[in-house]
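Dropping upload-v8.pdb in here (PDB, C-alpha atoms, pLDDT in the B column):
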MODEL        1
ATOM      1  CA  MET W   1     -38.844  15.146  -5.367  1.00 54.00           C
ATOM      2  CA  ILE W   2     -36.754  16.923  -7.997  1.00 65.00           C
ATOM      3  CA  ASP W   3     -36.321  14.951 -11.215  1.00 86.00           C
ATOM      4  CA  LEU W   4     -32.578  14.508 -11.764  1.00 92.00           C
ATOM      5  CA  LYS W   5     -33.126  13.178 -15.281  1.00 92.00           C
ATOM      6  CA  ALA W   6     -35.096  16.275 -16.285  1.00 91.00           C
ATOM      7  CA  LYS W   7     -32.340  18.498 -14.863  1.00 92.00           C
ATOM      8  CA  ILE W   8     -29.681  16.560 -16.797  1.00 94.00           C
ATOM      9  CA  LYS W   9     -31.704  16.944 -20.010  1.00 92.00           C
ATOM     10  CA  GLN W  10     -32.216  20.657 -19.342  1.00 92.00           C
ATOM     11  CA  ASP W  11     -28.778  21.751 -18.094  1.00 93.00           C
ATOM     12  CA  GLY W  12     -26.336  18.916 -18.798  1.00 92.00           C
ATOM     13  CA  LYS W  13     -23.862  19.402 -21.646  1.00 93.00           C
ATOM     14  CA  VAL W  14     -22.385  16.559 -23.679  1.00 93.00           C
ATOM     15  CA  PHE W  15     -18.738  16.835 -24.724  1.00 90.00           C
ATOM     16  CA  PRO W  16     -16.559  14.588 -26.904  1.00 87.00           C
ATOM     17  CA  ASN W  17     -15.331  11.258 -25.507  1.00 84.00           C
ATOM     18  CA  ASN W  18     -18.592  10.602 -23.644  1.00 86.00           C
ATOM     19  CA  VAL W  19     -18.145  13.407 -21.117  1.00 88.00           C
ATOM     20  CA  LEU W  20     -21.303  14.800 -19.521  1.00 92.00           C
ATOM     21  CA  LYS W  21     -20.878  18.186 -17.845  1.00 92.00           C
ATOM     22  CA  VAL W  22     -23.266  18.759 -14.940  1.00 94.00           C
ATOM     23  CA  ASP W  23     -21.182  21.249 -13.022  1.00 91.00           C
ATOM     24  CA  SER W  24     -23.996  23.795 -12.740  1.00 88.00           C
ATOM     25  CA  PHE W  25     -25.904  21.571 -10.288  1.00 93.00           C
ATOM     26  CA  ILE W  26     -23.876  18.460  -9.230  1.00 92.00           C
ATOM     27  CA  ASN W  27     -20.115  18.884  -9.033  1.00 87.00           C
ATOM     28  CA  HIS W  28     -18.929  22.493  -9.137  1.00 90.00           C
ATOM     29  CA  GLN W  29     -21.972  24.500  -8.192  1.00 91.00           C
ATOM     30  CA  VAL W  30     -24.150  22.180  -6.135  1.00 91.00           C
ATOM     31  CA  SER W  31     -27.929  22.403  -5.901  1.00 91.00           C
ATOM     32  CA  PRO W  32     -28.850  21.361  -2.346  1.00 93.00           C
ATOM     33  CA  ALA W  33     -32.418  20.550  -3.453  1.00 93.00           C
ATOM     34  CA  ILE W  34     -31.248  18.210  -6.221  1.00 94.00           C
ATOM     35  CA  MET W  35     -28.620  16.663  -3.972  1.00 94.00           C
ATOM     36  CA  GLN W  36     -31.206  16.100  -1.226  1.00 95.00           C
ATOM     37  CA  SER W  37     -33.503  14.401  -3.723  1.00 95.00           C
ATOM     38  CA  ILE W  38     -30.661  12.073  -4.784  1.00 96.00           C
ATOM     39  CA  VAL W  39     -29.655  11.354  -1.189  1.00 96.00           C
ATOM     40  CA  ASP W  40     -33.256  10.510  -0.262  1.00 96.00           C
ATOM     41  CA  GLN W  41     -33.105   7.723  -2.859  1.00 96.00           C
ATOM     42  CA  PHE W  42     -29.699   6.538  -1.591  1.00 97.00           C
ATOM     43  CA  ILE W  43     -31.134   6.287   1.917  1.00 97.00           C
ATOM     44  CA  ALA W  44     -34.267   4.459   0.728  1.00 97.00           C
ATOM     45  CA  HIS W  45     -32.048   1.870  -0.980  1.00 97.00           C
ATOM     46  CA  PHE W  46     -29.357   1.410   1.708  1.00 97.00           C
ATOM     47  CA  GLN W  47     -31.127   2.307   4.981  1.00 94.00           C
ATOM     48  CA  SER W  48     -31.097  -1.247   6.340  1.00 95.00           C
ATOM     49  CA  ALA W  49     -27.522  -2.071   5.235  1.00 97.00           C
ATOM     50  CA  GLY W  50     -25.919  -1.418   8.638  1.00 97.00           C
ATOM     51  CA  ILE W  51     -23.683   1.384   7.343  1.00 98.00           C
ATOM     52  CA  THR W  52     -21.145   2.770   9.832  1.00 98.00           C
ATOM     53  CA  LYS W  53     -19.322   5.196   7.492  1.00 98.00           C
ATOM     54  CA  VAL W  54     -19.678   6.851   4.103  1.00 98.00           C
ATOM     55  CA  LEU W  55     -16.556   6.936   1.912  1.00 98.00           C
ATOM     56  CA  THR W  56     -15.845   9.028  -1.183  1.00 98.00           C
ATOM     57  CA  ILE W  57     -12.946  10.535  -3.098  1.00 94.00           C
ATOM     58  CA  GLU W  58     -12.189  14.230  -3.274  1.00 89.00           C
ATOM     59  CA  ALA W  59     -13.574  16.468  -4.557  1.00 84.00           C
ATOM     60  CA  SER W  60     -16.778  15.876  -6.535  1.00 89.00           C
ATOM     61  CA  GLY W  61     -18.053  13.079  -4.317  1.00 93.00           C
ATOM     62  CA  ILE W  62     -17.931  15.133  -1.137  1.00 96.00           C
ATOM     63  CA  ALA W  63     -21.308  16.887  -1.549  1.00 95.00           C
ATOM     64  CA  PRO W  64     -23.436  13.741  -1.970  1.00 97.00           C
ATOM     65  CA  ALA W  65     -21.302  11.847   0.565  1.00 97.00           C
ATOM     66  CA  ILE W  66     -21.612  14.381   3.387  1.00 97.00           C
ATOM     67  CA  MET W  67     -25.353  14.717   2.855  1.00 97.00           C
ATOM     68  CA  THR W  68     -25.726  10.920   2.841  1.00 98.00           C
ATOM     69  CA  ALA W  69     -23.616  10.593   5.993  1.00 98.00           C
ATOM     70  CA  ALA W  70     -25.706  13.283   7.710  1.00 97.00           C
ATOM     71  CA  ALA W  71     -28.931  11.467   6.798  1.00 97.00           C
ATOM     72  CA  LEU W  72     -27.503   8.187   8.158  1.00 97.00           C
ATOM     73  CA  ASP W  73     -25.943   9.947  11.190  1.00 97.00           C
ATOM     74  CA  VAL W  74     -22.529   8.367  10.518  1.00 98.00           C
ATOM     75  CA  PRO W  75     -19.101   9.873   9.755  1.00 98.00           C
ATOM     76  CA  MET W  76     -18.046  10.690   6.193  1.00 98.00           C
ATOM     77  CA  VAL W  77     -14.459   9.987   5.111  1.00 98.00           C
ATOM     78  CA  PHE W  78     -12.924  11.158   1.868  1.00 96.00           C
ATOM     79  CA  ALA W  79      -9.855   9.749   0.176  1.00 95.00           C
ATOM     80  CA  LYS W  80      -7.274  12.435  -0.503  1.00 92.00           C
ATOM     81  CA  LYS W  81      -5.381  12.785  -3.775  1.00 87.00           C
ATOM     82  CA  LYS W  82      -2.362  14.386  -2.143  1.00 77.00           C
ATOM     83  CA  GLU W  83      -0.640  13.178   0.994  1.00 70.00           C
ATOM     84  CA  PRO W  84      -0.526  15.954   3.606  1.00 68.00           C
ATOM     85  CA  ALA W  85       2.631  16.513   5.641  1.00 66.00           C
ATOM     86  CA  THR W  86       0.661  15.513   8.749  1.00 68.00           C
ATOM     87  CA  LEU W  87       0.367  11.903   7.541  1.00 66.00           C
ATOM     88  CA  GLN W  88       3.305   9.559   7.310  1.00 62.00           C
ATOM     89  CA  ASP W  89       3.361   6.851   4.629  1.00 63.00           C
ATOM     90  CA  GLN W  90       2.892   4.009   7.116  1.00 69.00           C
ATOM     91  CA  ASP W  91      -0.208   5.689   8.577  1.00 86.00           C
ATOM     92  CA  VAL W  92      -2.324   5.421   5.409  1.00 90.00           C
ATOM     93  CA  TYR W  93      -4.080   3.007   3.122  1.00 94.00           C
ATOM     94  CA  LYS W  94      -3.292   3.895  -0.482  1.00 93.00           C
ATOM     95  CA  THR W  95      -4.113   2.818  -4.007  1.00 95.00           C
ATOM     96  CA  VAL W  96      -3.847   4.187  -7.550  1.00 92.00           C
ATOM     97  CA  VAL W  97      -6.984   5.346  -9.389  1.00 92.00           C
ATOM     98  CA  HIS W  98      -7.217   6.330 -13.063  1.00 86.00           C
ATOM     99  CA  SER W  99      -9.449   9.335 -13.821  1.00 78.00           C
ATOM    100  CA  TYR W 100     -11.436   8.776 -17.014  1.00 68.00           C
ATOM    101  CA  THR W 101     -12.360  12.456 -17.378  1.00 69.00           C
ATOM    102  CA  LYS W 102      -8.849  13.814 -16.752  1.00 75.00           C
ATOM    103  CA  ASP W 103      -6.987  10.799 -18.204  1.00 79.00           C
ATOM    104  CA  GLU W 104      -4.515  10.707 -15.331  1.00 85.00           C
ATOM    105  CA  ASP W 105      -3.540   8.441 -12.467  1.00 89.00           C
ATOM    106  CA  ASN W 106      -3.892   9.575  -8.867  1.00 88.00           C
ATOM    107  CA  THR W 107      -2.645   7.873  -5.725  1.00 91.00           C
ATOM    108  CA  ILE W 108      -5.459   8.192  -3.211  1.00 93.00           C
ATOM    109  CA  ILE W 109      -5.039   7.788   0.523  1.00 94.00           C
ATOM    110  CA  VAL W 110      -7.076   7.445   3.696  1.00 95.00           C
ATOM    111  CA  SER W 111      -5.634   7.575   7.191  1.00 93.00           C
ATOM    112  CA  ARG W 112      -5.621   4.167   8.883  1.00 94.00           C
ATOM    113  CA  GLN W 113      -7.423   5.677  11.868  1.00 94.00           C
ATOM    114  CA  TYR W 114     -10.611   6.326   9.837  1.00 96.00           C
ATOM    115  CA  LEU W 115     -11.272   2.867   8.340  1.00 97.00           C
ATOM    116  CA  SER W 116     -11.322  -0.319  10.384  1.00 95.00           C
ATOM    117  CA  LEU W 117     -12.273  -3.968  10.458  1.00 96.00           C
ATOM    118  CA  ASP W 118     -15.535  -3.077  12.219  1.00 96.00           C
ATOM    119  CA  ASP W 119     -16.730  -0.682   9.520  1.00 98.00           C
ATOM    120  CA  ARG W 120     -19.496  -1.315   6.998  1.00 98.00           C
ATOM    121  CA  ILE W 121     -18.889   1.254   4.271  1.00 98.00           C
ATOM    122  CA  LEU W 122     -21.197   2.918   1.761  1.00 98.00           C
ATOM    123  CA  ILE W 123     -19.172   4.336  -1.129  1.00 98.00           C
ATOM    124  CA  VAL W 124     -20.744   7.462  -2.646  1.00 98.00           C
ATOM    125  CA  ASP W 125     -19.699   9.369  -5.777  1.00 97.00           C
ATOM    126  CA  ASP W 126     -21.081  11.755  -8.356  1.00 96.00           C
ATOM    127  CA  PHE W 127     -20.327   9.602 -11.444  1.00 94.00           C
ATOM    128  CA  LEU W 128     -19.777   5.962 -12.317  1.00 95.00           C
ATOM    129  CA  ALA W 129     -18.146   5.312 -15.705  1.00 92.00           C
ATOM    130  CA  ASN W 130     -15.433   2.653 -15.848  1.00 93.00           C
ATOM    131  CA  GLY W 131     -15.555   2.224 -12.082  1.00 95.00           C
ATOM    132  CA  GLU W 132     -11.949   3.154 -11.332  1.00 95.00           C
ATOM    133  CA  ALA W 133     -12.738   5.528  -8.443  1.00 95.00           C
ATOM    134  CA  SER W 134     -15.214   3.135  -6.831  1.00 97.00           C
ATOM    135  CA  LEU W 135     -12.879   0.164  -7.285  1.00 97.00           C
ATOM    136  CA  GLY W 136     -10.052   2.180  -5.731  1.00 97.00           C
ATOM    137  CA  LEU W 137     -12.252   2.942  -2.720  1.00 98.00           C
ATOM    138  CA  VAL W 138     -13.224  -0.740  -2.497  1.00 98.00           C
ATOM    139  CA  ASP W 139      -9.494  -1.549  -2.425  1.00 98.00           C
ATOM    140  CA  LEU W 140      -8.948   0.888   0.472  1.00 97.00           C
ATOM    141  CA  CYS W 141     -11.799  -0.814   2.353  1.00 98.00           C
ATOM    142  CA  LYS W 142     -10.258  -4.245   1.718  1.00 98.00           C
ATOM    143  CA  GLN W 143      -6.890  -3.027   2.997  1.00 97.00           C
ATOM    144  CA  ALA W 144      -8.620  -1.928   6.215  1.00 97.00           C
ATOM    145  CA  GLY W 145     -10.593  -5.164   6.495  1.00 97.00           C
ATOM    146  CA  ALA W 146     -13.844  -3.157   6.287  1.00 98.00           C
ATOM    147  CA  SER W 147     -16.869  -4.524   4.452  1.00 98.00           C
ATOM    148  CA  VAL W 148     -18.534  -2.653   1.578  1.00 98.00           C
ATOM    149  CA  ALA W 149     -22.309  -2.274   1.991  1.00 98.00           C
ATOM    150  CA  GLY W 150     -22.679  -0.867  -1.510  1.00 98.00           C
ATOM    151  CA  VAL W 151     -21.953   1.921  -3.957  1.00 98.00           C
ATOM    152  CA  ALA W 152     -24.340   4.872  -4.362  1.00 98.00           C
ATOM    153  CA  ILE W 153     -23.929   6.981  -7.518  1.00 98.00           C
ATOM    154  CA  CYS W 154     -25.630  10.180  -8.656  1.00 96.00           C
ATOM    155  CA  ILE W 155     -25.155   9.582 -12.410  1.00 96.00           C
ATOM    156  CA  GLU W 156     -24.047   6.348 -14.059  1.00 96.00           C
ATOM    157  CA  LYS W 157     -22.848   5.941 -17.627  1.00 95.00           C
ATOM    158  CA  SER W 158     -24.373   2.485 -18.119  1.00 95.00           C
ATOM    159  CA  PHE W 159     -22.673   2.083 -21.492  1.00 94.00           C
ATOM    160  CA  GLN W 160     -19.315   1.860 -19.699  1.00 94.00           C
ATOM    161  CA  GLN W 161     -18.186  -1.077 -17.570  1.00 95.00           C
ATOM    162  CA  GLY W 162     -18.202   0.345 -14.025  1.00 96.00           C
ATOM    163  CA  ARG W 163     -21.390  -1.312 -12.783  1.00 97.00           C
ATOM    164  CA  GLU W 164     -20.412  -4.647 -14.311  1.00 97.00           C
ATOM    165  CA  ARG W 165     -16.981  -4.543 -12.645  1.00 97.00           C
ATOM    166  CA  LEU W 166     -18.460  -3.736  -9.215  1.00 98.00           C
ATOM    167  CA  GLU W 167     -21.278  -6.270  -9.461  1.00 97.00           C
ATOM    168  CA  ALA W 168     -18.711  -8.935 -10.434  1.00 97.00           C
ATOM    169  CA  LEU W 169     -17.294  -8.385  -6.918  1.00 97.00           C
ATOM    170  CA  GLY W 170     -20.765  -8.910  -5.415  1.00 97.00           C
ATOM    171  CA  ILE W 171     -21.258  -5.219  -4.641  1.00 98.00           C
ATOM    172  CA  ASP W 172     -24.751  -3.676  -4.600  1.00 98.00           C
ATOM    173  CA  VAL W 173     -24.742  -0.648  -6.943  1.00 98.00           C
ATOM    174  CA  TYR W 174     -27.506   1.985  -6.855  1.00 97.00           C
ATOM    175  CA  SER W 175     -27.511   4.870  -9.341  1.00 97.00           C
ATOM    176  CA  GLU W 176     -30.110   7.634  -9.322  1.00 95.00           C
ATOM    177  CA  ALA W 177     -29.785   8.296 -13.086  1.00 95.00           C
ATOM    178  CA  ARG W 178     -28.504   5.684 -15.542  1.00 96.00           C
ATOM    179  CA  ILE W 179     -27.404   6.955 -18.952  1.00 96.00           C
ATOM    180  CA  ALA W 180     -27.542   4.460 -21.822  1.00 95.00           C
ATOM    181  CA  SER W 181     -25.927   6.730 -24.427  1.00 93.00           C
ATOM    182  CA  LEU W 182     -24.439  10.149 -25.094  1.00 93.00           C
ATOM    183  CA  ASP W 183     -24.403   9.581 -28.875  1.00 91.00           C
ATOM    184  CA  ASN W 184     -25.025  12.572 -31.154  1.00 90.00           C
ATOM    185  CA  ASN W 185     -24.640  14.931 -28.160  1.00 88.00           C
ATOM    186  CA  THR W 186     -27.938  13.615 -26.775  1.00 90.00           C
ATOM    187  CA  VAL W 187     -28.534  12.095 -23.341  1.00 93.00           C
ATOM    188  CA  THR W 188     -30.522   8.851 -23.536  1.00 91.00           C
ATOM    189  CA  PHE W 189     -31.391   7.203 -20.238  1.00 94.00           C
ATOM    190  CA  ALA W 190     -31.284   3.466 -19.636  1.00 90.00           C
ATOM    191  CA  ASP W 191     -35.051   3.440 -19.137  1.00 77.00           C
ATOM    192  CA  GLY W 192     -35.472   4.811 -22.675  1.00 58.00           C
ATOM    193  CA  HIS W 193     -36.229   8.438 -21.828  1.00 50.00           C
TER     194      HIS W 193
ENDMDL
END
Take the structure from the file and write it as structure tokens.
Amino acid sequence: MIDLKAKIKQDGKVFPNNVLKVDSFINHQVSPAIMQSIVDQFIAHFQSAGITKVLTIEASGIAPAIMTAAALDVPMVFAKKKEPATLQDQDVYKTVVHSYTKDEDNTIIVSRQYLSLDDRILIVDDFLANGEASLGLVDLCKQAGASVAGVAICIEKSFQQGRERLEALGIDVYSEARIASLDNNTVTFADGH
């Protein structure tokens, strides 16, 4: 198994405002070996949760979500940030999500035909900070009447409120790497390493 924490320490870059750049291996250029290692842990945690679909938001969540869906042998659905001409307003579930990194609001949508009352959804994303993306995806699931099996995250900023907000809703949150601090341009993990 590849050690995600070691890779973050080696190649991650800390920027102002608590931004961690991991685009050389997680969310711009993707390392399949690292992603597989992360997904193996997602599967170990959620394998008995009765998942029928994996849900993410474009674009950075797609790599871990599709690999997780493939391992579970279920479809992967991603919420779009722009409404295509092929979808009419009444044919979608939609909600507004604030991006912490980009400091902007996006209306995200999923076609009504891809989420249903019978679905048990695993939400997957690359980062968890304040929880806006995950909470937006939870809202889309609620609109569809689908149940949320849990949220699987590659990297969590534990010093922000995302986990707390999701757990307050009774949602099981699993993160492969939990960061306690990015102070002084240094990554400190929640387990002290």
Can you write out as a tab-separated table which residues of range 143-181 of chain W fall within 12 Å of range 62-83 of chain W, alongside each residue's closest atom pair and its distance in Å to one decimal, counting all atoms listed in the file and ordering rows by chain and ascending residue number?
residue	atom	partner	partner_atom	distance
W:Val151	CA	W:Ala65	CA	10.9
W:Ala152	CA	W:Ala65	CA	9.1
W:Ile153	CA	W:Pro64	CA	8.8
W:Cys154	CA	W:Pro64	CA	7.9
W:Ile155	CA	W:Pro64	CA	11.4
W:Glu176	CA	W:Pro64	CA	11.7
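Residue nearest Tyr93 in chain W within the list W:His45, W:Lys21, W:Lys142, W:Arg112: W:Arg112 [criterion: smallest interatomic distance, only C-alpha atoms].
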**Message:** I need the residue nearest Ile8 in chain W from this list: W:Leu169, W:Leu128, W:Ala177, W:Ile51. Use only C-alpha atoms for the distance.
**Reply:**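 So, comparing all the options, the nearest one is W:Ala177.
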**Request:** Kindly resolve the PyMOL selection byres ((chain W and resi 20) around 10) on the present coordinates and return the residues as a list in words.
**Result:**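 Output of the PyMOL selection byres ((chain W and resi 20) around 10): Ile8, Gly12, Lys13, Val14, Phe15, Pro16, Asn17, Asn18, Val19, Lys21, Val22, Asp23, Thr101, Phe127, Ile155, Lys157, Ile179, Leu182, Asn185, Thr186 and Val187 of chain W.
Each of W:Gly170, W:Gly131, W:Gly150, W:Gly162 was checked against Lys53 in chain W using only C-alpha atoms; the smallest atom-to-atom distance is that of W:Gly150.
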**Asked** Counting only C-alpha atoms, which of W:Gln161, W:Gln47, W:Thr56, W:Thr107 gets nearest to Leu137 in chain W?
**Response** W:Thr56
